[in-house]
Amino acid sequence: MAIATAAPAVGTVPVRGRARAGHAIGAAAMAVAAVAVVILLAAPGLLTHVSPTATTTDILAGPGAGHWFGTDQLGRDVFSRTVYGARPVLIASLLGVVLAMVTGVALGLTAGTAPRWLNAVIMRVVDVLLAIPVLMIALILIATAGAGVRSIVIAIGVAFTPGFARVVEASVRRLRSVDYVEAARVFGSGRTRTSVRHLLPNLMTEVVVLGTSAVGWAVLTATTLSFLGLGVQLPQPDWGSDLAAGATYLSTSWWLSTFPGLGITVTILFANFIGDSLMAALDPRDGVRPIQGFRALVAGQRPRRPRGGRPGAESATARTEAGQ
Amino acid sequence: MAAFVTRRLAAAVPVLLGITFVAFLLVHLVPGNPAKVILYGSQATPQQIADLTRQLGLDQPLWDQYGRFLWQLLHGNLGTSYLTQDSVAYELLSRTPSTLVLTASAMVVAVGIGVPLGVLAGARPGSLADRVARALSFLGVAVPYFFLALLLVLLFSVRLRWLPAIDNGSFGSLVLPAVSLGWGYAAILTRLIRGRIIEEYRSEYVRSARARGCAEWRVLLRHTLRNSSIPAITTIGLQFGNILTGAAVTEVIFGRAGLGSYLATSITSKNIPVVQGAVILIGLGYVLINLAVDLIVGVVDPRARLA
């Protein structure tokens with residue numbers, strides 16, 4: 001009996017041809033997303049010449065030829081606001097995930113190679129942080145740091161760090177006894193050198209997959225925070241805050257909230273699809289250790305410590321990893 | 001079993017202590033002296049501020065303050081609101097039932113949609129039902145609940161006028177918040193159950209049940225689903241915290257006077273004792289639910305007790 005898949009990837013029984021077609025679609029999605037991200041971040045002016053904050057007398061006009069997505073209560077062009085509103089969301093979620101990745105990997109590597117007592121201290125703290133809902137950690141941080149995109153980046157970075165640290169630490173524990181790591185140690189390679197030269201390169205696939213699959217959750221978290229008014233302040237465009245602002249006019253002008261909302265939805269769809277494709281493409285399928293997606297992690301299927309593990313898919317995996 | 005219960009209880013203690021410590025630190029992490037925040041706008045003299053600082057114990061060493069904070073907490077005292085001087089514990093507890101009702105309803109929605117959909121999809125992978133279920137769950141994860149809430153209001157309140165958009169205490173006004181909050185978790189459950197059922201179908205015991213001439217529906221419900229239910233229960237428990245914080249946002253949208261909306265306004269007004277209290281209350285609820293889940297799983301699945 002193969003080990004239970006902790007993160008059911010794309011799911012169907014892998015058929016060779018279908019898998020290859022899946023890879024092609026995944027690669028295409030990635031290319032489209034990359035182009036879209038670059039344009040939305042660097043040159044939103046390519047898509048619209050209308051300033052997102054320019055007010056006109058054309059108030060609450062429905063979608064049409066003049067204004068594709070209509071105008072809002074101040075006569076601002078909703079299409080332009082939707083295009084420019086992507087920037088704070090993308091900055092917050094992408095930078096946040098990168099921050100979480102860097103700190104999480106550093107923490108996981110440190111804990112995984114540290115003496116037992118230090119490992120225990122670090123991983124206890126990580127456990128406590130994992131026990132607090134992500135949005136709660138983010139809200140606490142924003143309460144202390146104040147509203148703004150920078151705060152959201154930090155909030156996502158901190159709130160997502162424990163997930164990365166937990167997975168990296170588990171992998172390091174497994175890798176520590178692998179021959180080439182042992183050999184490096186025998187040849188006098190220090191803890192830092194072993195971590196950076198030998199452990200880190202072998203963790204990269206896993207970390208990249210985890211990071212990609214975290215982006216969807218990061219977008220959801222970032223837009224939730226800005227929806228609550230804790231991100232970019234009006235009149236600057238932002239999907240979350242525009243969606244919230246448009247809710248007031250929902251009964252008469254549906255387009256105000258709908259287009260920013262669709263922007264968020266499409267972004268998360270893309271992020272999740274790419275995450276799933278990467279996971280399916282890079283999964284070693286060695287029957288021992290399925291690559292973990294962040295969604296599964298946040299959804300509660302945490303990788304457990306080998307001892308005192310919870311029942312279910314994840315602890316079965318953990319136990320096998322520990323060779324128990 | 002007793003050892004298992006003790007171990008689980010012991011594991012909850014550091015988590016609870018950690019949550020209280022994080023909540024405690026909030027006062028010190030927020031820029032500005034709390035005494036100044038409380039006296040803000042009342043033209044307080046430096047002397048008054050110094051007096052209040054001493055009164056609040058803010059001039060004591062950090063560990064003493066934490067000790068006192070815990071001691072007060074054990075007596076059910078969460079301090080007073082900066083803005084109204086009301087008891088935070090009372091304010092929070094009076095809002096808790098509304099939030100719990102919303103959270104529980106959202107869970108009912110999640111399980112009610114997610115489990116049947118997951119079973120349907122997992123029983124016949126590749127079928128039309130499976131494709132529909134997978135598309136729905138993919139969408140369910142991607143549509144943010146606050147956006148779904150607005151779309152539901154637009155359809156059912158504005159266009160069809162079937163359900164109220166704003167809370168009025170009736171059952172009808174609970175439907176839209178519960179569905180919008182529960183839908184995303186239904187999607188997660190669908191994915192999970194589907195994956196588990198496909199996995200379980202490949203196992204030896206299913207083959208032997210079929211060989212014994214067991215009816216197909218019986219194989220599905222009695223054997224496969226039962227064995228898939230344990231990770232599902234664990235997931236539901238771990239999702240509780242996310243649903244609870246999601247309830248905060250949902251309450252704001254639907255004008256429900258619950259824990260979440262109180263927390264959201266308190267964060268913007270830097271009303272720290274309220275934030276502290278809410279953090280501890282939600283954290284406590286989360287820990288208790290997961291403790292219950294662990295114990296349930298321990299009863300259902302004897303293997304879990306050995307882990």
# chains A, B, ... in the order shown; residues from 1 in each chain; ligands from 1
$ residues_around --residues "Asp167 (chain B)" --least-positions-apart "3" --cutoff "10 Å" --atoms "only C-alpha atoms" --output "list in words"
Pro164, Ser170, Phe171, Gly172, Ser173, Leu174, Leu176, Pro177, Glu251, Ile253, Phe254, Gly255, Arg256 and Ala257 of chain B
$ interface_residues --of "chain B" --to "chain A" --cutoff "6 Å" --atoms "only C-alpha atoms" --output "PyMOL selection string"
chain B and resi 15+29-30+142-143+147+158+195+231+235+238+241-242+267+304+307
$ write_last_selection --atoms "N, CA and C atoms" --output "short mmCIF file (atom, residue, chain, number, x, y, z; two decimals), in the first residue's frame"
data_model
loop_
_atom_site.label_atom_id
_atom_site.label_comp_id
_atom_site.auth_asym_id
_atom_site.auth_seq_id
_atom_site.Cartn_x
_atom_site.Cartn_y
_atom_site.Cartn_z
N VAL B 15 0.69 25.78 23.91
CA VAL B 15 0.04 26.56 22.86
C VAL B 15 -0.78 27.69 23.49
N LEU B 29 3.99 46.16 21.97
CA LEU B 29 4.41 46.26 20.58
C LEU B 29 3.79 47.46 19.89
N VAL B 30 2.59 47.83 20.33
CA VAL B 30 1.93 48.96 19.70
C VAL B 30 2.65 50.24 20.11
N ALA B 142 -11.01 29.55 -5.06
CA ALA B 142 -10.49 30.78 -5.66
C ALA B 142 -11.37 32.01 -5.39
N VAL B 143 -12.68 31.84 -5.28
CA VAL B 143 -13.54 33.01 -5.05
C VAL B 143 -13.44 33.40 -3.59
N PHE B 147 -16.08 38.33 -1.54
CA PHE B 147 -16.62 38.59 -2.88
C PHE B 147 -17.87 37.74 -3.12
N VAL B 158 -30.84 41.67 -3.70
CA VAL B 158 -31.15 42.81 -4.57
C VAL B 158 -32.08 42.38 -5.71
N GLY B 195 -9.87 12.78 -2.79
CA GLY B 195 -8.55 12.16 -2.82
C GLY B 195 -8.47 10.93 -1.93
N PRO B 231 -9.26 11.82 8.46
CA PRO B 231 -8.59 13.06 8.05
C PRO B 231 -9.57 14.20 7.84
N THR B 235 -9.28 17.79 9.59
CA THR B 235 -9.25 19.00 8.80
C THR B 235 -10.31 19.99 9.26
N LEU B 238 -9.10 21.71 12.31
CA LEU B 238 -8.03 22.68 12.07
C LEU B 238 -8.54 23.88 11.29
N GLY B 241 -10.32 27.52 13.21
CA GLY B 241 -9.70 28.82 13.45
C GLY B 241 -9.84 29.75 12.26
N ASN B 242 -9.65 29.17 11.05
CA ASN B 242 -9.78 30.00 9.85
C ASN B 242 -11.22 30.45 9.65
N ILE B 267 -9.23 46.94 16.14
CA ILE B 267 -7.89 47.03 15.56
C ILE B 267 -7.68 48.41 14.95
N ALA B 304 -4.78 5.83 16.55
CA ALA B 304 -4.34 7.19 16.84
C ALA B 304 -3.78 7.32 18.24
N ALA B 307 -0.01 6.81 18.51
CA ALA B 307 0.89 7.72 17.80
C ALA B 307 1.67 8.59 18.75
#
$ atom_distance --atom1 "CA of Asp294 (chain B)" --atom2 "CA of Tyr201 (chain B)"
25.4 Å
$ atom_distance --atom1 "CA of Thr161 (chain A)" --atom2 "CA of Ala214 (chain A)"
10.8 Å
$ residues_around --residues "region 220-230 of chain B" --least-positions-apart "2" --cutoff "7 Å" --atoms "only C-alpha atoms" --output "PDB file with N, CA and C atoms, in the first residue's frame"
ATOM      1  N   GLY A 312      -4.005  10.003  10.614  1.00  0.00           N
ATOM      2  CA  GLY A 312      -4.418  10.479   9.300  1.00  0.00           C
ATOM      3  C   GLY A 312      -3.265  10.448   8.331  1.00  0.00           C
TER       4      GLY A 312
ATOM      5  N   ILE B 193     -11.792  14.750   0.573  1.00  0.00           N
ATOM      6  CA  ILE B 193     -12.568  13.499   0.601  1.00  0.00           C
ATOM      7  C   ILE B 193     -12.385  12.753  -0.716  1.00  0.00           C
ATOM      8  N   ARG B 196      -9.066  11.035  -0.737  1.00  0.00           N
ATOM      9  CA  ARG B 196      -9.026   9.919   0.196  1.00  0.00           C
ATOM     10  C   ARG B 196      -9.803   8.725  -0.333  1.00  0.00           C
ATOM     11  N   ILE B 197     -10.981   8.996  -0.911  1.00  0.00           N
ATOM     12  CA  ILE B 197     -11.835   7.895  -1.377  1.00  0.00           C
ATOM     13  C   ILE B 197     -11.145   7.158  -2.514  1.00  0.00           C
ATOM     14  N   GLU B 200      -8.569   5.034  -0.911  1.00  0.00           N
ATOM     15  CA  GLU B 200      -9.107   3.895  -0.154  1.00  0.00           C
ATOM     16  C   GLU B 200      -9.625   2.802  -1.090  1.00  0.00           C
ATOM     17  N   TYR B 201     -10.160   3.237  -2.252  1.00  0.00           N
ATOM     18  CA  TYR B 201     -10.692   2.263  -3.203  1.00  0.00           C
ATOM     19  C   TYR B 201      -9.630   1.279  -3.668  1.00  0.00           C
ATOM     20  N   GLU B 216     -22.061  -2.528  -3.805  1.00  0.00           N
ATOM     21  CA  GLU B 216     -21.163  -1.427  -4.108  1.00  0.00           C
ATOM     22  C   GLU B 216     -21.429  -0.215  -3.205  1.00  0.00           C
ATOM     23  N   TRP B 217     -22.726   0.081  -2.971  1.00  0.00           N
ATOM     24  CA  TRP B 217     -23.026   1.245  -2.128  1.00  0.00           C
ATOM     25  C   TRP B 217     -22.534   1.022  -0.713  1.00  0.00           C
ATOM     26  N   ARG B 218     -22.542  -0.266  -0.312  1.00  0.00           N
ATOM     27  CA  ARG B 218     -22.090  -0.603   1.025  1.00  0.00           C
ATOM     28  C   ARG B 218     -20.572  -0.447   1.125  1.00  0.00           C
ATOM     29  N   ALA B 232     -10.811  13.862   7.438  1.00  0.00           N
ATOM     30  CA  ALA B 232     -11.801  14.920   7.257  1.00  0.00           C
ATOM     31  C   ALA B 232     -12.127  15.587   8.586  1.00  0.00           C
ATOM     32  N   ILE B 233     -12.295  14.769   9.626  1.00  0.00           N
ATOM     33  CA  ILE B 233     -12.596  15.339  10.953  1.00  0.00           C
ATOM     34  C   ILE B 233     -11.443  16.223  11.408  1.00  0.00           C
ATOM     35  N   THR B 234     -10.214  15.727  11.238  1.00  0.00           N
ATOM     36  CA  THR B 234      -9.045  16.505  11.640  1.00  0.00           C
ATOM     37  C   THR B 234      -9.011  17.843  10.902  1.00  0.00           C
ATOM     38  N   VAL B 297     -11.117  11.539  17.407  1.00  0.00           N
ATOM     39  CA  VAL B 297     -10.348  10.655  16.528  1.00  0.00           C
ATOM     40  C   VAL B 297      -9.760   9.508  17.339  1.00  0.00           C
TER      41      VAL B 297
END
$ residues_around --residues "Thr71 (chain A)" --least-positions-apart "3" --cutoff "10 Å" --atoms "only C-alpha atoms" --output "PyMOL selection string"
chain A and resi 55-64+66-68+74-81+253+255-256
$ write_last_selection --atoms "C-alpha atoms" --output "PDB file, in the first residue's frame"
ATOM      1  CA  THR A  55     -12.667  62.031 -11.510  1.00  0.00           C
ATOM      2  CA  THR A  56     -15.204  62.908 -14.226  1.00  0.00           C
ATOM      3  CA  THR A  57     -18.826  64.040 -14.269  1.00  0.00           C
ATOM      4  CA  ASP A  58     -19.809  60.688 -15.738  1.00  0.00           C
ATOM      5  CA  ILE A  59     -21.013  59.246 -12.432  1.00  0.00           C
ATOM      6  CA  LEU A  60     -21.955  55.572 -11.919  1.00  0.00           C
ATOM      7  CA  ALA A  61     -22.186  54.903 -15.657  1.00  0.00           C
ATOM      8  CA  GLY A  62     -22.665  51.256 -16.562  1.00  0.00           C
ATOM      9  CA  PRO A  63     -20.116  49.233 -18.545  1.00  0.00           C
ATOM     10  CA  GLY A  64     -20.074  50.323 -22.175  1.00  0.00           C
ATOM     11  CA  GLY A  66     -16.608  54.581 -23.332  1.00  0.00           C
ATOM     12  CA  HIS A  67     -15.849  52.883 -20.027  1.00  0.00           C
ATOM     13  CA  TRP A  68     -15.464  49.121 -20.435  1.00  0.00           C
ATOM     14  CA  LEU A  74     -16.819  59.890  -8.459  1.00  0.00           C
ATOM     15  CA  GLY A  75     -16.822  59.175 -12.183  1.00  0.00           C
ATOM     16  CA  ARG A  76     -13.521  57.298 -12.054  1.00  0.00           C
ATOM     17  CA  ASP A  77     -12.919  54.632 -14.694  1.00  0.00           C
ATOM     18  CA  VAL A  78     -13.411  51.187 -13.114  1.00  0.00           C
ATOM     19  CA  PHE A  79     -11.353  49.418 -15.812  1.00  0.00           C
ATOM     20  CA  SER A  80      -8.394  51.648 -15.068  1.00  0.00           C
ATOM     21  CA  ARG A  81      -8.855  51.155 -11.323  1.00  0.00           C
ATOM     22  CA  SER A 253     -24.201  49.623  -9.651  1.00  0.00           C
ATOM     23  CA  TRP A 255     -19.906  46.714 -11.623  1.00  0.00           C
ATOM     24  CA  LEU A 256     -18.037  48.609  -8.887  1.00  0.00           C
TER      25      LEU A 256
END
$ decode --residues "region 184-221 of chain B" --atoms "N, CA and C atoms" --output "short mmCIF file (atom, residue, chain, number, x, y, z; two decimals), in the first residue's frame"
data_model
loop_
_atom_site.label_atom_id
_atom_site.label_comp_id
_atom_site.auth_asym_id
_atom_site.auth_seq_id
_atom_site.Cartn_x
_atom_site.Cartn_y
_atom_site.Cartn_z
N GLY B 184 -16.09 28.03 0.71
CA GLY B 184 -14.66 27.78 0.47
C GLY B 184 -14.18 26.54 1.21
N TYR B 185 -14.69 26.32 2.41
CA TYR B 185 -14.27 25.15 3.18
C TYR B 185 -14.92 23.89 2.63
N ALA B 186 -16.11 24.04 2.04
CA ALA B 186 -16.73 22.92 1.35
C ALA B 186 -15.81 22.47 0.22
N ALA B 187 -15.24 23.45 -0.49
CA ALA B 187 -14.34 23.13 -1.59
C ALA B 187 -13.11 22.36 -1.10
N ILE B 188 -12.55 22.81 0.03
CA ILE B 188 -11.38 22.12 0.58
C ILE B 188 -11.74 20.69 0.97
N LEU B 189 -12.90 20.54 1.61
CA LEU B 189 -13.35 19.20 2.03
C LEU B 189 -13.59 18.30 0.83
N THR B 190 -14.19 18.86 -0.23
CA THR B 190 -14.44 18.07 -1.44
C THR B 190 -13.15 17.48 -1.97
N ARG B 191 -12.15 18.33 -2.10
CA ARG B 191 -10.84 17.89 -2.59
C ARG B 191 -10.27 16.79 -1.71
N LEU B 192 -10.34 17.02 -0.41
CA LEU B 192 -9.75 16.08 0.53
C LEU B 192 -10.46 14.73 0.46
N ILE B 193 -11.79 14.75 0.57
CA ILE B 193 -12.57 13.50 0.60
C ILE B 193 -12.38 12.75 -0.72
N ARG B 194 -12.43 13.47 -1.83
CA ARG B 194 -12.27 12.84 -3.13
C ARG B 194 -10.94 12.08 -3.19
N GLY B 195 -9.87 12.78 -2.79
CA GLY B 195 -8.55 12.16 -2.82
C GLY B 195 -8.47 10.93 -1.93
N ARG B 196 -9.07 11.04 -0.74
CA ARG B 196 -9.03 9.92 0.20
C ARG B 196 -9.80 8.73 -0.33
N ILE B 197 -10.98 9.00 -0.91
CA ILE B 197 -11.83 7.89 -1.38
C ILE B 197 -11.14 7.16 -2.51
N ILE B 198 -10.54 7.91 -3.42
CA ILE B 198 -9.82 7.27 -4.53
C ILE B 198 -8.72 6.38 -3.96
N GLU B 199 -8.02 6.91 -2.97
CA GLU B 199 -6.94 6.17 -2.31
C GLU B 199 -7.47 4.89 -1.65
N GLU B 200 -8.57 5.03 -0.91
CA GLU B 200 -9.11 3.90 -0.15
C GLU B 200 -9.62 2.80 -1.09
N TYR B 201 -10.16 3.24 -2.25
CA TYR B 201 -10.69 2.26 -3.20
C TYR B 201 -9.63 1.28 -3.67
N ARG B 202 -8.37 1.72 -3.66
CA ARG B 202 -7.29 0.87 -4.14
C ARG B 202 -6.84 -0.12 -3.08
N SER B 203 -7.42 -0.03 -1.87
CA SER B 203 -6.85 -0.82 -0.77
C SER B 203 -7.34 -2.25 -0.79
N GLU B 204 -6.65 -3.07 -0.03
CA GLU B 204 -6.94 -4.50 0.02
C GLU B 204 -8.32 -4.77 0.59
N TYR B 205 -8.69 -4.03 1.64
CA TYR B 205 -9.95 -4.37 2.30
C TYR B 205 -11.15 -4.12 1.40
N VAL B 206 -11.03 -3.15 0.48
CA VAL B 206 -12.12 -2.91 -0.45
C VAL B 206 -12.23 -4.09 -1.42
N ARG B 207 -11.07 -4.56 -1.88
CA ARG B 207 -11.09 -5.69 -2.79
C ARG B 207 -11.70 -6.91 -2.11
N SER B 208 -11.33 -7.12 -0.84
CA SER B 208 -11.86 -8.31 -0.16
C SER B 208 -13.36 -8.14 0.11
N ALA B 209 -13.80 -6.92 0.40
CA ALA B 209 -15.23 -6.70 0.62
C ALA B 209 -16.01 -7.00 -0.66
N ARG B 210 -15.44 -6.57 -1.79
CA ARG B 210 -16.10 -6.84 -3.07
C ARG B 210 -16.12 -8.34 -3.36
N ALA B 211 -14.99 -8.99 -3.02
CA ALA B 211 -14.90 -10.43 -3.27
C ALA B 211 -15.93 -11.19 -2.46
N ARG B 212 -16.24 -10.64 -1.28
CA ARG B 212 -17.25 -11.28 -0.44
C ARG B 212 -18.65 -11.04 -0.98
N GLY B 213 -18.76 -10.22 -2.02
CA GLY B 213 -20.06 -9.97 -2.62
C GLY B 213 -20.78 -8.81 -1.97
N CYS B 214 -20.03 -7.94 -1.34
CA CYS B 214 -20.61 -6.78 -0.68
C CYS B 214 -21.14 -5.80 -1.74
N ALA B 215 -22.34 -5.27 -1.49
CA ALA B 215 -22.93 -4.34 -2.46
C ALA B 215 -22.06 -3.10 -2.61
N GLU B 216 -22.06 -2.53 -3.80
CA GLU B 216 -21.16 -1.43 -4.11
C GLU B 216 -21.43 -0.22 -3.20
N TRP B 217 -22.73 0.08 -2.97
CA TRP B 217 -23.03 1.24 -2.13
C TRP B 217 -22.53 1.02 -0.71
N ARG B 218 -22.54 -0.27 -0.31
CA ARG B 218 -22.09 -0.60 1.02
C ARG B 218 -20.57 -0.45 1.13
N VAL B 219 -19.88 -0.85 0.05
CA VAL B 219 -18.43 -0.67 0.01
C VAL B 219 -18.10 0.80 0.17
N LEU B 220 -18.86 1.62 -0.57
CA LEU B 220 -18.61 3.06 -0.56
C LEU B 220 -18.89 3.67 0.81
N LEU B 221 -20.08 3.41 1.35
CA LEU B 221 -20.48 4.11 2.56
C LEU B 221 -19.88 3.49 3.82
#
